[in-house]
file query38.cif (mmCIF, C-alpha atoms, pLDDT in the B column; chains and numbers go by the auth columns)
data_start
loop_
_atom_site.group_PDB
_atom_site.id
_atom_site.type_symbol
_atom_site.label_atom_id
_atom_site.label_comp_id
_atom_site.label_asym_id
_atom_site.label_seq_id
_atom_site.Cartn_x
_atom_site.Cartn_y
_atom_site.Cartn_z
_atom_site.B_iso_or_equiv
_atom_site.auth_seq_id
_atom_site.auth_asym_id
ATOM 1 C CA GLU A 1 36.002 37.965 117.003 42.00 923 A
ATOM 2 C CA GLY A 2 39.584 36.739 116.828 49.00 924 A
ATOM 3 C CA LEU A 3 40.070 37.402 113.119 48.00 925 A
ATOM 4 C CA SER A 4 43.606 37.990 111.919 51.00 926 A
ATOM 5 C CA ASN A 5 44.338 40.982 109.720 46.00 927 A
ATOM 6 C CA GLU A 6 44.548 38.625 106.726 51.00 928 A
ATOM 7 C CA ASP A 7 41.001 37.380 107.466 50.00 929 A
ATOM 8 C CA ARG A 8 39.523 40.876 107.430 47.00 930 A
ATOM 9 C CA ARG A 9 38.091 41.826 104.069 50.00 931 A
ATOM 10 C CA GLY A 10 37.810 45.447 102.995 51.00 932 A
ATOM 11 C CA ASN A 11 40.312 48.211 103.509 50.00 933 A
ATOM 12 C CA PRO A 12 43.608 47.190 105.083 52.00 934 A
ATOM 13 C CA THR A 13 44.497 48.110 108.630 51.00 935 A
ATOM 14 C CA TRP A 14 46.255 51.415 109.213 55.00 936 A
ATOM 15 C CA ARG A 15 49.945 51.504 108.371 60.00 937 A
ATOM 16 C CA TRP A 16 52.356 54.273 109.333 70.00 938 A
ATOM 17 C CA SER A 17 55.455 55.269 107.398 74.00 939 A
ATOM 18 C CA GLY A 18 57.390 55.943 110.602 79.00 940 A
ATOM 19 C CA ASP A 19 58.098 59.561 109.593 82.00 941 A
ATOM 20 C CA LEU A 20 58.722 61.492 112.834 87.00 942 A
ATOM 21 C CA GLU A 21 58.531 64.971 111.287 86.00 943 A
ATOM 22 C CA ARG A 22 55.031 65.719 112.581 86.00 944 A
ATOM 23 C CA LEU A 23 56.183 64.824 116.108 90.00 945 A
ATOM 24 C CA THR A 24 59.460 66.754 116.030 87.00 946 A
ATOM 25 C CA THR A 25 58.452 69.882 114.079 86.00 947 A
ATOM 26 C CA TRP A 26 56.617 72.705 115.826 88.00 948 A
ATOM 27 C CA CYS A 27 53.164 73.201 114.294 88.00 949 A
ATOM 28 C CA ILE A 28 51.598 76.501 115.302 86.00 950 A
ATOM 29 C CA SER A 29 47.923 76.998 114.401 86.00 951 A
ATOM 30 C CA VAL A 30 46.193 80.356 114.653 88.00 952 A
ATOM 31 C CA ARG A 31 42.706 80.997 113.260 88.00 953 A
ATOM 32 C CA GLY A 32 42.889 78.121 110.815 84.00 954 A
ATOM 33 C CA ARG A 33 46.379 78.942 109.516 89.00 955 A
ATOM 34 C CA ARG A 34 49.355 76.694 110.232 87.00 956 A
ATOM 35 C CA TRP A 35 53.049 77.382 110.443 84.00 957 A
ATOM 36 C CA TYR A 36 55.660 74.632 110.622 83.00 958 A
ATOM 37 C CA LEU A 37 58.871 75.492 112.398 80.00 959 A
ATOM 38 C CA ASP A 38 61.759 73.113 111.904 69.00 960 A
ATOM 39 C CA ASP A 39 64.972 73.401 113.951 63.00 961 A
ATOM 40 C CA ARG A 40 66.330 76.163 111.676 67.00 962 A
ATOM 41 C CA ARG A 41 63.214 78.358 112.053 66.00 963 A
ATOM 42 C CA ALA A 42 62.549 77.608 115.724 65.00 964 A
ATOM 43 C CA LEU A 43 65.897 78.736 117.112 67.00 965 A
ATOM 44 C CA SER A 44 64.351 80.348 120.207 73.00 966 A
ATOM 45 C CA LEU A 45 62.018 77.417 120.921 75.00 967 A
ATOM 46 C CA PRO A 46 63.092 74.291 122.797 75.00 968 A
ATOM 47 C CA ARG A 47 63.880 71.243 120.700 77.00 969 A
ATOM 48 C CA ARG A 48 60.816 69.009 120.240 84.00 970 A
ATOM 49 C CA ARG A 49 61.134 65.793 122.236 89.00 971 A
ATOM 50 C CA ILE A 50 58.534 63.078 122.531 94.00 972 A
ATOM 51 C CA PRO A 51 57.319 62.971 126.147 96.00 973 A
ATOM 52 C CA ARG A 52 59.036 60.473 128.440 95.00 974 A
ATOM 53 C CA GLY A 53 57.433 57.047 128.396 95.00 975 A
ATOM 54 C CA LEU A 54 55.756 57.459 125.007 95.00 976 A
ATOM 55 C CA GLU A 55 56.879 55.833 121.779 92.00 977 A
ATOM 56 C CA PRO A 56 56.076 57.258 118.344 93.00 978 A
ATOM 57 C CA ALA A 57 52.856 55.854 116.924 90.00 979 A
ATOM 58 C CA GLN A 58 50.249 57.058 114.495 88.00 980 A
ATOM 59 C CA GLY A 59 46.853 55.862 113.377 83.00 981 A
ATOM 60 C CA SER A 60 43.548 56.768 111.903 81.00 982 A
ATOM 61 C CA THR A 61 41.367 59.328 113.646 84.00 983 A
ATOM 62 C CA TRP A 62 38.420 56.997 113.109 83.00 984 A
ATOM 63 C CA TRP A 63 38.565 54.482 115.925 83.00 985 A
ATOM 64 C CA ASN A 64 36.465 52.944 118.653 88.00 986 A
ATOM 65 C CA LEU A 65 37.554 53.215 122.271 91.00 987 A
ATOM 66 C CA SER A 66 36.266 51.286 125.239 93.00 988 A
ATOM 67 C CA ARG A 67 35.151 53.176 128.320 96.00 989 A
ATOM 68 C CA GLU A 68 38.318 51.896 129.998 97.00 990 A
ATOM 69 C CA ALA A 69 40.544 53.270 127.213 96.00 991 A
ATOM 70 C CA VAL A 70 38.821 56.661 127.336 96.00 992 A
ATOM 71 C CA GLY A 71 39.150 56.759 131.126 97.00 993 A
ATOM 72 C CA TYR A 72 42.814 55.829 130.995 97.00 994 A
ATOM 73 C CA SER A 73 43.556 58.441 128.313 97.00 995 A
ATOM 74 C CA LEU A 74 41.773 61.251 130.144 97.00 996 A
ATOM 75 C CA ALA A 75 43.458 60.340 133.433 97.00 997 A
ATOM 76 C CA ALA A 76 46.903 60.200 131.788 97.00 998 A
ATOM 77 C CA LEU A 77 46.381 63.599 130.163 96.00 999 A
ATOM 78 C CA GLY A 78 45.220 64.982 133.519 96.00 1000 A
ATOM 79 C CA ARG A 79 48.230 63.563 135.388 96.00 1001 A
ATOM 80 C CA ARG A 80 50.745 64.769 132.830 96.00 1002 A
ATOM 81 C CA PRO A 81 49.857 68.233 131.498 96.00 1003 A
ATOM 82 C CA GLY A 82 53.169 68.243 129.622 95.00 1004 A
ATOM 83 C CA ILE A 83 51.726 65.651 127.257 96.00 1005 A
ATOM 84 C CA ARG A 84 48.757 67.909 126.498 95.00 1006 A
ATOM 85 C CA TRP A 85 51.135 70.817 125.914 94.00 1007 A
ATOM 86 C CA TYR A 86 53.361 68.716 123.642 95.00 1008 A
ATOM 87 C CA PHE A 87 50.451 67.565 121.436 96.00 1009 A
ATOM 88 C CA ARG A 88 49.082 71.084 121.231 93.00 1010 A
ATOM 89 C CA PHE A 89 51.924 71.801 118.785 93.00 1011 A
ATOM 90 C CA VAL A 90 51.759 68.580 116.731 92.00 1012 A
ATOM 91 C CA PHE A 91 50.165 68.519 113.288 89.00 1013 A
ATOM 92 C CA ALA A 92 46.995 66.355 113.445 89.00 1014 A
ATOM 93 C CA PRO A 93 47.494 65.301 117.080 92.00 1015 A
ATOM 94 C CA ASP A 94 44.364 63.136 116.953 91.00 1016 A
ATOM 95 C CA GLU A 95 46.351 60.753 114.740 90.00 1017 A
ATOM 96 C CA ASN A 96 49.001 60.310 117.458 93.00 1018 A
ATOM 97 C CA VAL A 97 47.950 61.182 120.998 95.00 1019 A
ATOM 98 C CA PHE A 98 45.562 58.321 121.798 94.00 1020 A
ATOM 99 C CA GLN A 99 47.643 55.799 119.896 93.00 1021 A
ATOM 100 C CA MET A 100 50.777 56.774 121.826 95.00 1022 A
ATOM 101 C CA LEU A 101 49.037 56.947 125.208 96.00 1023 A
ATOM 102 C CA LEU A 102 47.308 53.597 124.830 95.00 1024 A
ATOM 103 C CA LEU A 103 50.368 51.818 123.444 94.00 1025 A
ATOM 104 C CA ALA A 104 52.215 52.924 126.597 95.00 1026 A
ATOM 105 C CA SER A 105 49.377 51.794 128.875 96.00 1027 A
ATOM 106 C CA PRO A 106 48.458 48.583 130.669 96.00 1028 A
ATOM 107 C CA LEU A 107 45.801 48.187 127.934 96.00 1029 A
ATOM 108 C CA ARG A 108 48.489 47.740 125.256 93.00 1030 A
ATOM 109 C CA GLY A 109 47.980 43.987 124.906 92.00 1031 A
ATOM 110 C CA ARG A 110 44.258 44.408 124.275 91.00 1032 A
ATOM 111 C CA LEU A 111 44.509 46.932 121.436 89.00 1033 A
ATOM 112 C CA VAL A 112 43.385 45.879 117.963 84.00 1034 A
ATOM 113 C CA ASN A 113 44.585 47.582 114.774 79.00 1035 A
ATOM 114 C CA GLU A 114 41.102 47.649 113.246 80.00 1036 A
ATOM 115 C CA ASP A 115 38.992 50.774 112.798 81.00 1037 A
ATOM 116 C CA LEU A 116 35.846 48.880 111.702 86.00 1038 A
ATOM 117 C CA ARG A 117 35.342 51.382 108.853 88.00 1039 A
ATOM 118 C CA PHE A 118 34.911 50.483 105.208 89.00 1040 A
ATOM 119 C CA MET A 119 36.747 53.046 103.060 87.00 1041 A
ATOM 120 C CA HIS A 120 38.228 53.335 99.588 82.00 1042 A
ATOM 121 C CA TRP A 121 41.334 55.476 99.658 79.00 1043 A
ATOM 122 C CA ALA A 122 42.186 57.900 96.860 77.00 1044 A
ATOM 123 C CA GLY A 123 45.604 59.223 97.768 74.00 1045 A
ATOM 124 C CA ASN A 124 45.469 60.736 101.255 74.00 1046 A
ATOM 125 C CA HIS A 125 41.668 60.843 101.492 79.00 1047 A
ATOM 126 C CA PRO A 126 38.823 58.353 101.260 84.00 1048 A
ATOM 127 C CA SER A 127 36.770 58.589 98.092 89.00 1049 A
ATOM 128 C CA LEU A 128 33.001 58.950 98.131 93.00 1050 A
ATOM 129 C CA LEU A 129 31.084 55.685 98.303 93.00 1051 A
ATOM 130 C CA THR A 130 28.419 54.868 95.707 93.00 1052 A
ATOM 131 C CA SER A 131 25.948 52.059 95.082 93.00 1053 A
ATOM 132 C CA ASP A 132 28.785 50.219 93.287 93.00 1054 A
ATOM 133 C CA ASP A 133 30.413 49.798 96.720 92.00 1055 A
ATOM 134 C CA VAL A 134 27.438 48.286 98.586 93.00 1056 A
ATOM 135 C CA GLU A 135 28.300 44.622 97.966 92.00 1057 A
ATOM 136 C CA ALA A 136 31.915 45.162 98.983 90.00 1058 A
ATOM 137 C CA MET A 137 30.713 46.973 102.128 90.00 1059 A
ATOM 138 C CA ARG A 138 28.466 44.049 103.042 88.00 1060 A
ATOM 139 C CA ALA A 139 31.268 41.542 102.457 87.00 1061 A
ATOM 140 C CA SER A 140 33.828 43.544 104.424 85.00 1062 A
ATOM 141 C CA LEU A 141 32.703 42.654 107.983 81.00 1063 A
ATOM 142 C CA LYS A 142 33.047 46.381 108.808 87.00 1064 A
ATOM 143 C CA LEU A 143 30.432 47.948 111.064 87.00 1065 A
ATOM 144 C CA PHE A 144 30.744 51.463 109.642 90.00 1066 A
ATOM 145 C CA ALA A 145 31.474 53.045 106.266 91.00 1067 A
ATOM 146 C CA ARG A 146 33.056 56.296 105.269 89.00 1068 A
ATOM 147 C CA LYS A 147 32.558 58.528 103.187 91.00 1069 A
ATOM 148 C CA PHE A 148 29.078 59.433 101.994 93.00 1070 A
ATOM 149 C CA GLU A 149 27.983 62.729 100.510 93.00 1071 A
ATOM 150 C CA GLY A 150 24.804 64.137 98.985 88.00 1072 A
ATOM 151 C CA ASP A 151 23.781 63.115 95.486 91.00 1073 A
ATOM 152 C CA THR A 152 26.947 61.078 94.858 91.00 1074 A
ATOM 153 C CA SER A 153 26.110 58.627 97.661 93.00 1075 A
ATOM 154 C CA ALA A 154 22.293 58.877 97.704 93.00 1076 A
ATOM 155 C CA ALA A 155 21.705 55.590 95.847 93.00 1077 A
ATOM 156 C CA ALA A 156 24.143 53.742 98.118 93.00 1078 A
ATOM 157 C CA LEU A 157 22.458 55.102 101.241 93.00 1079 A
ATOM 158 C CA ASP A 158 19.004 54.163 99.877 94.00 1080 A
ATOM 159 C CA GLU A 159 20.227 50.641 99.113 92.00 1081 A
ATOM 160 C CA LEU A 160 21.743 50.274 102.595 91.00 1082 A
ATOM 161 C CA ASP A 161 18.460 51.492 104.144 91.00 1083 A
ATOM 162 C CA ARG A 162 16.538 48.871 102.127 91.00 1084 A
ATOM 163 C CA LEU A 163 18.946 46.136 103.260 87.00 1085 A
ATOM 164 C CA ALA A 164 18.527 47.218 106.887 85.00 1086 A
ATOM 165 C CA ASP A 165 14.726 47.224 106.540 86.00 1087 A
ATOM 166 C CA ASP A 166 14.771 43.775 104.885 83.00 1088 A
ATOM 167 C CA SER A 167 16.902 42.325 107.669 75.00 1089 A
ATOM 168 C CA GLY A 168 14.655 43.704 110.386 69.00 1090 A
ATOM 169 C CA ALA A 169 17.489 45.861 111.727 56.00 1091 A
ATOM 170 C CA GLY A 170 15.908 49.191 110.892 48.00 1092 A
#

call {"tool": "encode", "arguments": {"input": "query38.cif", "output": "structure tokens"}}
result
Amino acid sequence: EGLSNEDRRGNPTWRWSGDLERLTTWCISVRGRRWYLDDRRALSLPRRRIPRGLEPAQGSTWWNLSREAVGYSLAALGRRPGIRWYFRFVFAPDENVFQMLLLASPLRGRLVNEDLRFMHWAGNHPSLLTSDDVEAMRASLKLFARKFEGDTSAAALDELDRLADDSGAG
């Protein structure tokens, strides 16, 4: 609703280090195993180049896309099979492909760097949410929360269910 990033409470928006290694190193996955081939090890493979018209970008895999953004992305991937082939050999392509396609699209000016998810990060992964996090979740203006699991999050989920019932939303 027109909030700036500074007005959004909760986890910060996604930031990228700018490291291009995942886009320029061959990542070969077979049956759950991965091999990374840098220029020294991939002598017989062509040098990795970002597809024409795309700029490096990276973001969370937890995002919300409009029907228009999904349609554009699918059409772009259908028109340019080389992009699909390129991302087939990128580590965690879901953190790059849609971001790069949409930032190169006519929709660019309408994109918002906001995943609408409440998360507490512990290193490279979100930590499990507990009942201690419920007030912060409510204050965050986020529509979703991540990450809940079994007994660790049971009290938080029960409390959120009670709040939903009390508000008439459930």

call {"tool": "closest_residue", "arguments": {"input": "query38.cif", "among": "A:Gly1045, A:Trp985, A:Val992, A:Asn1018", "to": "Trp938 (chain A)", "atoms": "only C-alpha atoms"}}
result
A:Asn1018

call {"tool": "residues_near_point", "arguments": {"input": "query38.cif", "point": "(50.5, 58.4, 110.5)", "cutoff": "7 Å", "atoms": "all atoms listed in the file", "output": "count of residues only"}}
result
5

call {"tool": "atom_distance", "arguments": {"input": "query38.cif", "atom1": "CA of Phe1011 (chain A)", "atom2": "CA of Val952 (chain A)"}}
result
11.1 Å

call {"tool": "resolve_selection", "arguments": {"input": "query38.cif", "expression": "the PyMOL selection byres ((chain A and resi 1068) around 8)", "output": "short mmCIF file (atom, residue, chain, number, x, y, z; two decimals) with C-alpha atoms, in the frame of the given file"}}
result
data_model
loop_
_atom_site.label_atom_id
_atom_site.label_comp_id
_atom_site.auth_asym_id
_atom_site.auth_seq_id
_atom_site.Cartn_x
_atom_site.Cartn_y
_atom_site.Cartn_z
CA ARG A 1039 35.34 51.38 108.85
CA PHE A 1040 34.91 50.48 105.21
CA MET A 1041 36.75 53.05 103.06
CA PRO A 1048 38.82 58.35 101.26
CA LEU A 1050 33.00 58.95 98.13
CA LEU A 1051 31.08 55.68 98.30
CA PHE A 1066 30.74 51.46 109.64
CA ALA A 1067 31.47 53.04 106.27
CA LYS A 1069 32.56 58.53 103.19
CA PHE A 1070 29.08 59.43 101.99
#

call {"tool": "closest_residue", "arguments": {"input": "query38.cif", "among": "A:Glu990, A:Asp1055, A:Asp1016, A:Asp1037", "to": "Ala1077 (chain A)", "atoms": "only C-alpha atoms"}}
result
A:Asp1055

call {"tool": "closest_residue", "arguments": {"input": "query38.cif", "among": "A:Val1012, A:Leu1063, A:Ala1078, A:Leu1085", "to": "Arg970 (chain A)", "atoms": "all atoms listed in the file"}}
result
A:Val1012

call {"tool": "decode", "arguments": {"input": "query38.cif", "residues": "region 958-1053 of chain A", "atoms": "C-alpha atoms", "output": "PDB file, in the first residue's frame"}}
result
ATOM      1  CA  TYR A 958      30.379 -27.423  -9.836  1.00  0.00           C
ATOM      2  CA  LEU A 959      32.612 -26.914 -12.829  1.00  0.00           C
ATOM      3  CA  ASP A 960      34.584 -23.697 -12.931  1.00  0.00           C
ATOM      4  CA  ASP A 961      36.534 -22.634 -16.040  1.00  0.00           C
ATOM      5  CA  ARG A 962      39.486 -24.888 -15.120  1.00  0.00           C
ATOM      6  CA  ARG A 963      37.315 -28.026 -14.786  1.00  0.00           C
ATOM      7  CA  ALA A 964      34.952 -27.275 -17.672  1.00  0.00           C
ATOM      8  CA  LEU A 965      37.549 -26.997 -20.427  1.00  0.00           C
ATOM      9  CA  SER A 966      35.380 -28.805 -22.995  1.00  0.00           C
ATOM     10  CA  LEU A 967      32.214 -26.872 -22.107  1.00  0.00           C
ATOM     11  CA  PRO A 968      31.401 -23.430 -23.496  1.00  0.00           C
ATOM     12  CA  ARG A 969      32.069 -20.483 -21.220  1.00  0.00           C
ATOM     13  CA  ARG A 970      28.989 -19.557 -19.159  1.00  0.00           C
ATOM     14  CA  ARG A 971      27.451 -16.295 -20.353  1.00  0.00           C
ATOM     15  CA  ILE A 972      24.302 -14.694 -19.037  1.00  0.00           C
ATOM     16  CA  PRO A 973      21.683 -14.744 -21.812  1.00  0.00           C
ATOM     17  CA  ARG A 974      21.425 -11.617 -23.957  1.00  0.00           C
ATOM     18  CA  GLY A 975      19.061  -9.022 -22.549  1.00  0.00           C
ATOM     19  CA  LEU A 976      19.205 -10.286 -18.965  1.00  0.00           C
ATOM     20  CA  GLU A 977      21.065  -8.629 -16.115  1.00  0.00           C
ATOM     21  CA  PRO A 978      22.274 -10.520 -13.044  1.00  0.00           C
ATOM     22  CA  ALA A 979      19.719 -10.499 -10.247  1.00  0.00           C
ATOM     23  CA  GLN A 980      18.892 -12.758  -7.356  1.00  0.00           C
ATOM     24  CA  GLY A 981      16.119 -12.971  -4.810  1.00  0.00           C
ATOM     25  CA  SER A 982      14.198 -15.129  -2.451  1.00  0.00           C
ATOM     26  CA  THR A 983      12.348 -18.157  -3.778  1.00  0.00           C
ATOM     27  CA  TRP A 984       9.372 -17.105  -1.669  1.00  0.00           C
ATOM     28  CA  TRP A 985       7.544 -14.491  -3.693  1.00  0.00           C
ATOM     29  CA  ASN A 986       4.127 -13.604  -5.018  1.00  0.00           C
ATOM     30  CA  LEU A 987       3.585 -13.170  -8.741  1.00  0.00           C
ATOM     31  CA  SER A 988       0.642 -11.607 -10.497  1.00  0.00           C
ATOM     32  CA  ARG A 989      -1.070 -13.518 -13.277  1.00  0.00           C
ATOM     33  CA  GLU A 990       0.534 -11.045 -15.685  1.00  0.00           C
ATOM     34  CA  ALA A 991       4.034 -11.738 -14.320  1.00  0.00           C
ATOM     35  CA  VAL A 992       3.516 -15.501 -14.546  1.00  0.00           C
ATOM     36  CA  GLY A 993       2.201 -15.167 -18.101  1.00  0.00           C
ATOM     37  CA  TYR A 994       5.109 -12.985 -19.146  1.00  0.00           C
ATOM     38  CA  SER A 995       7.666 -15.357 -17.596  1.00  0.00           C
ATOM     39  CA  LEU A 996       6.192 -18.465 -19.207  1.00  0.00           C
ATOM     40  CA  ALA A 997       5.949 -16.743 -22.593  1.00  0.00           C
ATOM     41  CA  ALA A 998       9.554 -15.496 -22.370  1.00  0.00           C
ATOM     42  CA  LEU A 999      10.812 -18.972 -21.475  1.00  0.00           C
ATOM     43  CA  GLY A1000       8.792 -20.406 -24.370  1.00  0.00           C
ATOM     44  CA  ARG A1001      10.140 -17.846 -26.860  1.00  0.00           C
ATOM     45  CA  ARG A1002      13.740 -18.260 -25.770  1.00  0.00           C
ATOM     46  CA  PRO A1003      14.579 -21.905 -25.015  1.00  0.00           C
ATOM     47  CA  GLY A1004      18.214 -20.864 -24.569  1.00  0.00           C
ATOM     48  CA  ILE A1005      17.228 -19.172 -21.319  1.00  0.00           C
ATOM     49  CA  ARG A1006      15.688 -22.407 -20.032  1.00  0.00           C
ATOM     50  CA  TRP A1007      18.830 -24.291 -21.048  1.00  0.00           C
ATOM     51  CA  TYR A1008      21.081 -21.716 -19.365  1.00  0.00           C
ATOM     52  CA  PHE A1009      19.202 -21.880 -16.034  1.00  0.00           C
ATOM     53  CA  ARG A1010      19.165 -25.660 -16.126  1.00  0.00           C
ATOM     54  CA  PHE A1011      22.851 -25.493 -15.149  1.00  0.00           C
ATOM     55  CA  VAL A1012      22.636 -22.727 -12.516  1.00  0.00           C
ATOM     56  CA  PHE A1013      22.734 -23.527  -8.809  1.00  0.00           C
ATOM     57  CA  ALA A1014      19.320 -22.655  -7.279  1.00  0.00           C
ATOM     58  CA  PRO A1015      17.875 -21.202 -10.500  1.00  0.00           C
ATOM     59  CA  ASP A1016      14.617 -20.338  -8.729  1.00  0.00           C
ATOM     60  CA  GLU A1017      16.555 -17.583  -6.947  1.00  0.00           C
ATOM     61  CA  ASN A1018      17.521 -15.992 -10.284  1.00  0.00           C
ATOM     62  CA  VAL A1019      15.364 -16.898 -13.273  1.00  0.00           C
ATOM     63  CA  PHE A1020      12.135 -15.043 -12.457  1.00  0.00           C
ATOM     64  CA  GLN A1021      13.979 -12.100 -10.958  1.00  0.00           C
ATOM     65  CA  MET A1022      16.116 -11.713 -14.086  1.00  0.00           C
ATOM     66  CA  LEU A1023      13.232 -12.232 -16.517  1.00  0.00           C
ATOM     67  CA  LEU A1024      10.926  -9.780 -14.779  1.00  0.00           C
ATOM     68  CA  LEU A1025      13.605  -7.129 -14.278  1.00  0.00           C
ATOM     69  CA  ALA A1026      14.157  -7.232 -18.054  1.00  0.00           C
ATOM     70  CA  SER A1027      10.423  -7.029 -18.789  1.00  0.00           C
ATOM     71  CA  PRO A1028       7.918  -4.237 -19.339  1.00  0.00           C
ATOM     72  CA  LEU A1029       6.706  -5.054 -15.795  1.00  0.00           C
ATOM     73  CA  ARG A1030      10.017  -3.880 -14.291  1.00  0.00           C
ATOM     74  CA  GLY A1031       8.620  -0.608 -12.944  1.00  0.00           C
ATOM     75  CA  ARG A1032       5.838  -2.400 -11.077  1.00  0.00           C
ATOM     76  CA  LEU A1033       8.017  -4.881  -9.183  1.00  0.00           C
ATOM     77  CA  VAL A1034       8.235  -4.591  -5.400  1.00  0.00           C
ATOM     78  CA  ASN A1035      11.131  -5.994  -3.363  1.00  0.00           C
ATOM     79  CA  GLU A1036       8.832  -7.443  -0.700  1.00  0.00           C
ATOM     80  CA  ASP A1037       8.150 -11.145  -0.208  1.00  0.00           C
ATOM     81  CA  LEU A1038       5.374 -10.616   2.380  1.00  0.00           C
ATOM     82  CA  ARG A1039       6.906 -13.351   4.571  1.00  0.00           C
ATOM     83  CA  PHE A1040       7.835 -12.967   8.214  1.00  0.00           C
ATOM     84  CA  MET A1041      11.082 -14.854   8.885  1.00  0.00           C
ATOM     85  CA  HIS A1042      13.920 -14.864  11.391  1.00  0.00           C
ATOM     86  CA  TRP A1043      17.175 -15.720   9.686  1.00  0.00           C
ATOM     87  CA  ALA A1044      19.819 -17.887  11.341  1.00  0.00           C
ATOM     88  CA  GLY A1045      22.740 -17.802   8.949  1.00  0.00           C
ATOM     89  CA  ASN A1046      21.578 -18.974   5.522  1.00  0.00           C
ATOM     90  CA  HIS A1047      18.265 -20.434   6.706  1.00  0.00           C
ATOM     91  CA  PRO A1048      15.197 -19.173   8.538  1.00  0.00           C
ATOM     92  CA  SER A1049      14.874 -20.392  12.104  1.00  0.00           C
ATOM     93  CA  LEU A1050      11.747 -22.091  13.398  1.00  0.00           C
ATOM     94  CA  LEU A1051       9.070 -19.742  14.693  1.00  0.00           C
ATOM     95  CA  THR A1052       7.666 -20.159  18.209  1.00  0.00           C
ATOM     96  CA  SER A1053       4.993 -18.498  20.325  1.00  0.00           C
TER      97      SER A1053
END
